[in-house]
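**Student:** Before we start, here is the structure in question, set down as C-alpha cells.
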Amino acid sequence: MKNLLDEIDRKIVEILKNDARKSYLDMAKDLKMSEGAIRRRVKKLVESGAIRKFTIETAQEGPAAVILLSANPSVPTSEISEAMLKIDGIQRVFEVTGEFDIVALLSAPDTHALNSCIEKTRMLKGTSRTNTMMVLRFW
C-alpha cells in the first residue's frame, strides 16, 4: 500500500473491523462527516488495497488448532504457505520469524476433519517439522 492512511481512514477501518455491516450513514454520524464523504473514502480504501475484502466471522462450531511449521530451506516458505491455503480447514497462514517459519490457524467440523487437515499439512513438500496445539477456548 503506497499511501498511508490518515486518521479518518484509520477510524473507518476500525469501525468496519468491528462491524462490516455498519452503514455509511451511521459511520458518517459517528465521525461527523457526510455520508458521501464516507462512501468515497471506503471506495478509495478498497481500490488502494487498504481494505482487501469484507467478510463475516462465524461462531466456532468444531475443534480448532494452531499449527507451527518449520520449512526445509530448499523450498521457498511462500510456496508452502500458498499450498497450505488450498487445504480444507486452514483458515489463516502467517509467515513468521523465530523457531518456526509458518503459523496457521485451523478449524474443522469435527476432530476427524481437523486431523486430516493436520496430516495434509505435514505431508506438504518442504515441511521439515510441525507442532500442533489444540485450541481450548476462544476470546
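Scheme for the C-alpha cells: letters A, B, ... for chains in order shown; per-chain residue numbers from 1; ligand numbers from 1 in order shown.
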Using DSSP on the backbone, list every residue of range 8-135 of chain A that comes out as strand (DSSP E), and give them as a list of chain:residue names.
**Tutor:**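 Filtering range 8-135 of chain A down to strand (DSSP E) leaves A:Ala64, A:Ala65, A:Val66, A:Ile67, A:Leu68, A:Leu69, A:Ser70, A:Ala71, A:Ile90, A:Gln91, A:Arg92, A:Val93, A:Phe94, A:Glu95, A:Ile102, A:Val103, A:Ala104, A:Leu105, A:Leu106, A:Ser107, A:Thr127, A:Ser128, A:Arg129, A:Thr130, A:Asn131, A:Thr132, A:Met133, A:Met134.
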**Student:** Kindly save the residues from that selection, with N, CA and C atoms included, as a PDB file, in the first residue's frame.
**Tutor:**
```pdb
ATOM      1  N   ALA A  64     -10.612 -26.572  16.848  1.00  0.00           N
ATOM      2  CA  ALA A  64      -9.673 -25.677  16.172  1.00  0.00           C
ATOM      3  C   ALA A  64      -8.274 -25.960  16.695  1.00  0.00           C
ATOM      4  N   ALA A  65      -7.284 -25.561  15.910  1.00  0.00           N
ATOM      5  CA  ALA A  65      -5.895 -25.785  16.297  1.00  0.00           C
ATOM      6  C   ALA A  65      -5.016 -24.713  15.672  1.00  0.00           C
ATOM      7  N   VAL A  66      -3.829 -24.609  16.221  1.00  0.00           N
ATOM      8  CA  VAL A  66      -2.770 -23.770  15.663  1.00  0.00           C
ATOM      9  C   VAL A  66      -1.644 -24.725  15.315  1.00  0.00           C
ATOM     10  N   ILE A  67      -1.133 -24.619  14.097  1.00  0.00           N
ATOM     11  CA  ILE A  67      -0.027 -25.481  13.695  1.00  0.00           C
ATOM     12  C   ILE A  67       1.188 -24.607  13.378  1.00  0.00           C
ATOM     13  N   LEU A  68       2.317 -24.989  13.949  1.00  0.00           N
ATOM     14  CA  LEU A  68       3.590 -24.326  13.697  1.00  0.00           C
ATOM     15  C   LEU A  68       4.375 -25.223  12.757  1.00  0.00           C
ATOM     16  N   LEU A  69       4.994 -24.644  11.741  1.00  0.00           N
ATOM     17  CA  LEU A  69       5.667 -25.444  10.728  1.00  0.00           C
ATOM     18  C   LEU A  69       7.069 -24.901  10.471  1.00  0.00           C
ATOM     19  N   SER A  70       8.038 -25.797  10.465  1.00  0.00           N
ATOM     20  CA  SER A  70       9.396 -25.455  10.049  1.00  0.00           C
ATOM     21  C   SER A  70       9.564 -25.900   8.604  1.00  0.00           C
ATOM     22  N   ALA A  71      10.096 -25.003   7.798  1.00  0.00           N
ATOM     23  CA  ALA A  71      10.272 -25.289   6.373  1.00  0.00           C
ATOM     24  C   ALA A  71      11.699 -25.733   6.089  1.00  0.00           C
ATOM     25  N   ILE A  90      -7.745 -24.946   6.707  1.00  0.00           N
ATOM     26  CA  ILE A  90      -6.761 -23.902   7.004  1.00  0.00           C
ATOM     27  C   ILE A  90      -7.468 -22.557   6.837  1.00  0.00           C
ATOM     28  N   GLN A  91      -7.520 -21.783   7.907  1.00  0.00           N
ATOM     29  CA  GLN A  91      -8.216 -20.501   7.885  1.00  0.00           C
ATOM     30  C   GLN A  91      -7.291 -19.331   7.564  1.00  0.00           C
ATOM     31  N   ARG A  92      -6.139 -19.291   8.205  1.00  0.00           N
ATOM     32  CA  ARG A  92      -5.176 -18.202   8.020  1.00  0.00           C
ATOM     33  C   ARG A  92      -3.774 -18.777   8.064  1.00  0.00           C
ATOM     34  N   VAL A  93      -2.872 -18.182   7.306  1.00  0.00           N
ATOM     35  CA  VAL A  93      -1.472 -18.604   7.289  1.00  0.00           C
ATOM     36  C   VAL A  93      -0.604 -17.366   7.463  1.00  0.00           C
ATOM     37  N   PHE A  94       0.371 -17.475   8.351  1.00  0.00           N
ATOM     38  CA  PHE A  94       1.288 -16.376   8.619  1.00  0.00           C
ATOM     39  C   PHE A  94       2.721 -16.879   8.470  1.00  0.00           C
ATOM     40  N   GLU A  95       3.544 -16.150   7.745  1.00  0.00           N
ATOM     41  CA  GLU A  95       4.978 -16.426   7.734  1.00  0.00           C
ATOM     42  C   GLU A  95       5.564 -15.608   8.871  1.00  0.00           C
ATOM     43  N   ILE A 102       6.280 -20.856   9.729  1.00  0.00           N
ATOM     44  CA  ILE A 102       4.881 -20.626   9.358  1.00  0.00           C
ATOM     45  C   ILE A 102       4.000 -20.986  10.548  1.00  0.00           C
ATOM     46  N   VAL A 103       2.963 -20.176  10.752  1.00  0.00           N
ATOM     47  CA  VAL A 103       1.928 -20.460  11.739  1.00  0.00           C
ATOM     48  C   VAL A 103       0.603 -20.434  10.992  1.00  0.00           C
ATOM     49  N   ALA A 104      -0.249 -21.425  11.241  1.00  0.00           N
ATOM     50  CA  ALA A 104      -1.555 -21.453  10.589  1.00  0.00           C
ATOM     51  C   ALA A 104      -2.651 -21.722  11.610  1.00  0.00           C
ATOM     52  N   LEU A 105      -3.809 -21.120  11.358  1.00  0.00           N
ATOM     53  CA  LEU A 105      -4.991 -21.361  12.172  1.00  0.00           C
ATOM     54  C   LEU A 105      -5.884 -22.341  11.421  1.00  0.00           C
ATOM     55  N   LEU A 106      -6.310 -23.381  12.106  1.00  0.00           N
ATOM     56  CA  LEU A 106      -7.118 -24.430  11.501  1.00  0.00           C
ATOM     57  C   LEU A 106      -8.443 -24.545  12.234  1.00  0.00           C
ATOM     58  N   SER A 107      -9.488 -24.900  11.519  1.00  0.00           N
ATOM     59  CA  SER A 107     -10.755 -25.247  12.149  1.00  0.00           C
ATOM     60  C   SER A 107     -11.467 -26.245  11.256  1.00  0.00           C
ATOM     61  N   THR A 127       8.013 -29.366   4.166  1.00  0.00           N
ATOM     62  CA  THR A 127       7.754 -29.358   5.600  1.00  0.00           C
ATOM     63  C   THR A 127       8.793 -30.232   6.287  1.00  0.00           C
ATOM     64  N   SER A 128       9.522 -29.662   7.240  1.00  0.00           N
ATOM     65  CA  SER A 128      10.515 -30.470   7.942  1.00  0.00           C
ATOM     66  C   SER A 128      10.048 -30.857   9.342  1.00  0.00           C
ATOM     67  N   ARG A 129       9.188 -30.025   9.954  1.00  0.00           N
ATOM     68  CA  ARG A 129       8.732 -30.321  11.310  1.00  0.00           C
ATOM     69  C   ARG A 129       7.487 -29.496  11.599  1.00  0.00           C
ATOM     70  N   THR A 130       6.560 -30.073  12.381  1.00  0.00           N
ATOM     71  CA  THR A 130       5.380 -29.328  12.803  1.00  0.00           C
ATOM     72  C   THR A 130       5.156 -29.494  14.301  1.00  0.00           C
ATOM     73  N   ASN A 131       4.405 -28.583  14.852  1.00  0.00           N
ATOM     74  CA  ASN A 131       3.971 -28.662  16.243  1.00  0.00           C
ATOM     75  C   ASN A 131       2.534 -28.149  16.248  1.00  0.00           C
ATOM     76  N   THR A 132       1.603 -28.975  16.683  1.00  0.00           N
ATOM     77  CA  THR A 132       0.194 -28.610  16.665  1.00  0.00           C
ATOM     78  C   THR A 132      -0.320 -28.417  18.081  1.00  0.00           C
ATOM     79  N   MET A 133      -1.080 -27.348  18.260  1.00  0.00           N
ATOM     80  CA  MET A 133      -1.688 -27.052  19.554  1.00  0.00           C
ATOM     81  C   MET A 133      -3.200 -26.942  19.367  1.00  0.00           C
ATOM     82  N   MET A 134      -3.961 -27.711  20.133  1.00  0.00           N
ATOM     83  CA  MET A 134      -5.417 -27.630  20.083  1.00  0.00           C
ATOM     84  C   MET A 134      -5.868 -26.364  20.810  1.00  0.00           C
TER      85      MET A 134
END
```
**Student:** For Ala83 in chain A, work out the shell of residues within 10 Å, counting only C-alpha atoms and skipping chain neighbours fewer than 5 positions away, then give it as a list in words.
**Tutor:**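 The neighbour list is Thr77, Ser78, Thr121, Leu124 and Lys125 of chain A.
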**Student:** With a distance cut-off of 12 Å and only C-alpha atoms, select the neighbouring residues of Ile15 in chain A, excluding the residue or stretch itself and same-chain residues fewer than 2 positions from it, and output the selection as a compact mmCIF listing (two decimals) with N, CA and C atoms, in the first residue's frame.
**Tutor:**
```
# COMPACT_ATOMS: atom_id res chain seq x y z
N ILE A 8 -8.80 9.70 9.77
CA ILE A 8 -10.19 9.36 9.43
C ILE A 8 -10.26 7.99 8.78
N ASP A 9 -9.34 7.70 7.86
CA ASP A 9 -9.32 6.38 7.22
C ASP A 9 -9.12 5.28 8.26
N ARG A 10 -8.22 5.52 9.21
CA ARG A 10 -7.99 4.52 10.27
C ARG A 10 -9.26 4.31 11.10
N LYS A 11 -9.98 5.39 11.38
CA LYS A 11 -11.24 5.26 12.14
C LYS A 11 -12.27 4.47 11.34
N ILE A 12 -12.37 4.73 10.06
CA ILE A 12 -13.31 3.99 9.20
C ILE A 12 -12.95 2.51 9.19
N VAL A 13 -11.67 2.20 9.02
CA VAL A 13 -11.23 0.81 9.01
C VAL A 13 -11.56 0.14 10.34
N LYS A 17 -13.90 -3.04 10.91
CA LYS A 17 -13.38 -4.26 11.52
C LYS A 17 -14.34 -4.77 12.59
N ASN A 18 -14.93 -3.85 13.33
CA ASN A 18 -15.84 -4.23 14.40
C ASN A 18 -17.23 -4.60 13.89
N ASP A 19 -17.63 -3.99 12.77
CA ASP A 19 -18.96 -4.26 12.21
C ASP A 19 -18.96 -3.89 10.73
N ALA A 20 -18.66 -4.86 9.89
CA ALA A 20 -18.59 -4.62 8.45
C ALA A 20 -19.95 -4.27 7.84
N ARG A 21 -21.02 -4.46 8.60
CA ARG A 21 -22.36 -4.14 8.11
C ARG A 21 -22.80 -2.73 8.47
N LYS A 22 -21.98 -2.01 9.20
CA LYS A 22 -22.35 -0.65 9.61
C LYS A 22 -22.57 0.20 8.37
N SER A 23 -23.64 0.94 8.36
CA SER A 23 -23.98 1.73 7.18
C SER A 23 -23.08 2.96 7.06
N TYR A 24 -22.97 3.46 5.83
CA TYR A 24 -22.21 4.68 5.60
C TYR A 24 -22.82 5.83 6.40
N ASP A 26 -24.48 5.69 9.28
CA ASP A 26 -24.12 5.58 10.70
C ASP A 26 -22.66 5.95 10.94
N MET A 27 -21.78 5.54 10.03
CA MET A 27 -20.37 5.93 10.16
C MET A 27 -20.22 7.44 10.05
N ALA A 28 -20.97 8.04 9.12
CA ALA A 28 -20.91 9.48 8.93
C ALA A 28 -21.35 10.21 10.20
N ASP A 30 -21.21 9.01 13.28
CA ASP A 30 -20.17 8.77 14.30
C ASP A 30 -18.96 9.67 14.09
N LEU A 31 -18.59 9.89 12.84
CA LEU A 31 -17.38 10.65 12.53
C LEU A 31 -17.66 12.11 12.19
N ILE A 38 -17.89 9.53 3.43
CA ILE A 38 -17.56 8.18 3.93
C ILE A 38 -17.57 7.19 2.77
N VAL A 42 -14.35 4.94 1.65
CA VAL A 42 -14.38 3.48 1.65
C VAL A 42 -14.03 2.96 0.25
```
**Student:** Determine which residues of range 2-89 of chain A receive a DSSP assignment of alpha helix (DSSP H), computed from the backbone, and state them as a ChimeraX atom specification.
**Tutor:** /A:7-18,24-31,35-48,77-84
**Student:** Suppose we keep N, CA and C atoms; can you now write the selection as a short mmCIF file (atom, residue, chain, number, x, y, z; two decimals), in the first residue's frame?
**Tutor:**
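Result file part.cif:
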```
data_model
loop_
_atom_site.label_atom_id
_atom_site.label_comp_id
_atom_site.auth_asym_id
_atom_site.auth_seq_id
_atom_site.Cartn_x
_atom_site.Cartn_y
_atom_site.Cartn_z
N GLU A 7 -5.97 9.78 9.76
CA GLU A 7 -6.70 9.44 10.98
C GLU A 7 -8.14 9.02 10.69
N ILE A 8 -8.80 9.70 9.77
CA ILE A 8 -10.19 9.36 9.43
C ILE A 8 -10.26 7.99 8.78
N ASP A 9 -9.34 7.70 7.86
CA ASP A 9 -9.32 6.38 7.22
C ASP A 9 -9.12 5.28 8.26
N ARG A 10 -8.22 5.52 9.21
CA ARG A 10 -7.99 4.52 10.27
C ARG A 10 -9.26 4.31 11.10
N LYS A 11 -9.98 5.39 11.38
CA LYS A 11 -11.24 5.26 12.14
C LYS A 11 -12.27 4.47 11.34
N ILE A 12 -12.37 4.73 10.06
CA ILE A 12 -13.31 3.99 9.20
C ILE A 12 -12.95 2.51 9.19
N VAL A 13 -11.67 2.20 9.02
CA VAL A 13 -11.23 0.81 9.01
C VAL A 13 -11.56 0.14 10.34
N GLU A 14 -11.31 0.83 11.44
CA GLU A 14 -11.60 0.28 12.76
C GLU A 14 -13.10 0.01 12.94
N ILE A 15 -13.92 0.93 12.49
CA ILE A 15 -15.38 0.74 12.56
C ILE A 15 -15.77 -0.49 11.76
N LEU A 16 -15.24 -0.63 10.55
CA LEU A 16 -15.59 -1.76 9.69
C LEU A 16 -15.04 -3.08 10.22
N LYS A 17 -13.90 -3.04 10.91
CA LYS A 17 -13.38 -4.26 11.52
C LYS A 17 -14.34 -4.77 12.59
N ASN A 18 -14.93 -3.85 13.33
CA ASN A 18 -15.84 -4.23 14.40
C ASN A 18 -17.23 -4.60 13.89
N TYR A 24 -22.97 3.46 5.83
CA TYR A 24 -22.21 4.68 5.60
C TYR A 24 -22.82 5.83 6.40
N LEU A 25 -24.15 5.86 6.48
CA LEU A 25 -24.83 6.92 7.20
C LEU A 25 -24.48 6.89 8.69
N ASP A 26 -24.48 5.69 9.28
CA ASP A 26 -24.12 5.58 10.70
C ASP A 26 -22.66 5.95 10.94
N MET A 27 -21.78 5.54 10.03
CA MET A 27 -20.37 5.93 10.16
C MET A 27 -20.22 7.44 10.05
N ALA A 28 -20.97 8.04 9.12
CA ALA A 28 -20.91 9.48 8.93
C ALA A 28 -21.35 10.21 10.20
N LYS A 29 -22.39 9.72 10.84
CA LYS A 29 -22.85 10.34 12.09
C LYS A 29 -21.79 10.20 13.17
N ASP A 30 -21.21 9.01 13.28
CA ASP A 30 -20.17 8.77 14.30
C ASP A 30 -18.96 9.67 14.09
N LEU A 31 -18.59 9.89 12.84
CA LEU A 31 -17.38 10.65 12.53
C LEU A 31 -17.66 12.11 12.19
N GLU A 35 -22.37 11.43 4.51
CA GLU A 35 -22.44 10.04 4.05
C GLU A 35 -21.65 9.87 2.76
N GLY A 36 -21.70 10.86 1.88
CA GLY A 36 -20.96 10.80 0.61
C GLY A 36 -19.45 10.76 0.82
N ALA A 37 -18.98 11.51 1.80
CA ALA A 37 -17.53 11.52 2.10
C ALA A 37 -17.09 10.14 2.60
N ILE A 38 -17.89 9.53 3.43
CA ILE A 38 -17.56 8.18 3.93
C ILE A 38 -17.57 7.19 2.77
N ARG A 39 -18.58 7.26 1.93
CA ARG A 39 -18.69 6.37 0.78
C ARG A 39 -17.46 6.49 -0.12
N ARG A 40 -17.04 7.73 -0.41
CA ARG A 40 -15.85 7.95 -1.26
C ARG A 40 -14.59 7.40 -0.60
N ARG A 41 -14.46 7.61 0.70
CA ARG A 41 -13.27 7.12 1.41
C ARG A 41 -13.21 5.59 1.42
N VAL A 42 -14.35 4.94 1.65
CA VAL A 42 -14.38 3.48 1.65
C VAL A 42 -14.03 2.96 0.25
N LYS A 43 -14.59 3.59 -0.77
CA LYS A 43 -14.28 3.19 -2.15
C LYS A 43 -12.78 3.31 -2.41
N LYS A 44 -12.18 4.41 -1.96
CA LYS A 44 -10.74 4.64 -2.13
C LYS A 44 -9.92 3.59 -1.36
N LEU A 45 -10.38 3.26 -0.15
CA LEU A 45 -9.67 2.26 0.65
C LEU A 45 -9.70 0.89 -0.03
N VAL A 46 -10.81 0.56 -0.65
CA VAL A 46 -10.92 -0.71 -1.38
C VAL A 46 -10.04 -0.68 -2.63
N GLU A 47 -10.14 0.39 -3.40
CA GLU A 47 -9.36 0.50 -4.65
C GLU A 47 -7.85 0.50 -4.39
N SER A 48 -7.42 1.08 -3.27
CA SER A 48 -5.99 1.14 -2.96
C SER A 48 -5.46 -0.16 -2.38
N THR A 77 9.44 -20.60 1.51
CA THR A 77 8.37 -20.56 2.50
C THR A 77 7.05 -20.13 1.87
N SER A 78 7.11 -19.21 0.93
CA SER A 78 5.89 -18.73 0.28
C SER A 78 5.19 -19.86 -0.49
N GLU A 79 5.98 -20.78 -1.05
CA GLU A 79 5.41 -21.92 -1.78
C GLU A 79 4.63 -22.83 -0.82
N ILE A 80 5.17 -23.06 0.35
CA ILE A 80 4.50 -23.88 1.35
C ILE A 80 3.24 -23.17 1.85
N SER A 81 3.35 -21.88 2.12
CA SER A 81 2.20 -21.09 2.60
C SER A 81 1.05 -21.14 1.60
N GLU A 82 1.36 -20.96 0.33
CA GLU A 82 0.32 -21.00 -0.71
C GLU A 82 -0.32 -22.38 -0.79
N ALA A 83 0.47 -23.43 -0.66
CA ALA A 83 -0.07 -24.79 -0.68
C ALA A 83 -0.96 -25.04 0.54
N MET A 84 -0.58 -24.49 1.67
CA MET A 84 -1.39 -24.66 2.88
C MET A 84 -2.78 -24.05 2.71
#
```
**Student:** So how far away is CA of Glu57 in chain A from CA of Phe138 in chain A, in Å?
**Tutor:** 12.6 Å
**Student:** Hey, which of A:Asn72, A:Ser34, A:Ser116, A:Pro63 ends up closest to Arg137 in chain A? Count only C-alpha atoms.
**Tutor:**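 The answer is A:Pro63, which sits nearest to Arg137 in chain A.
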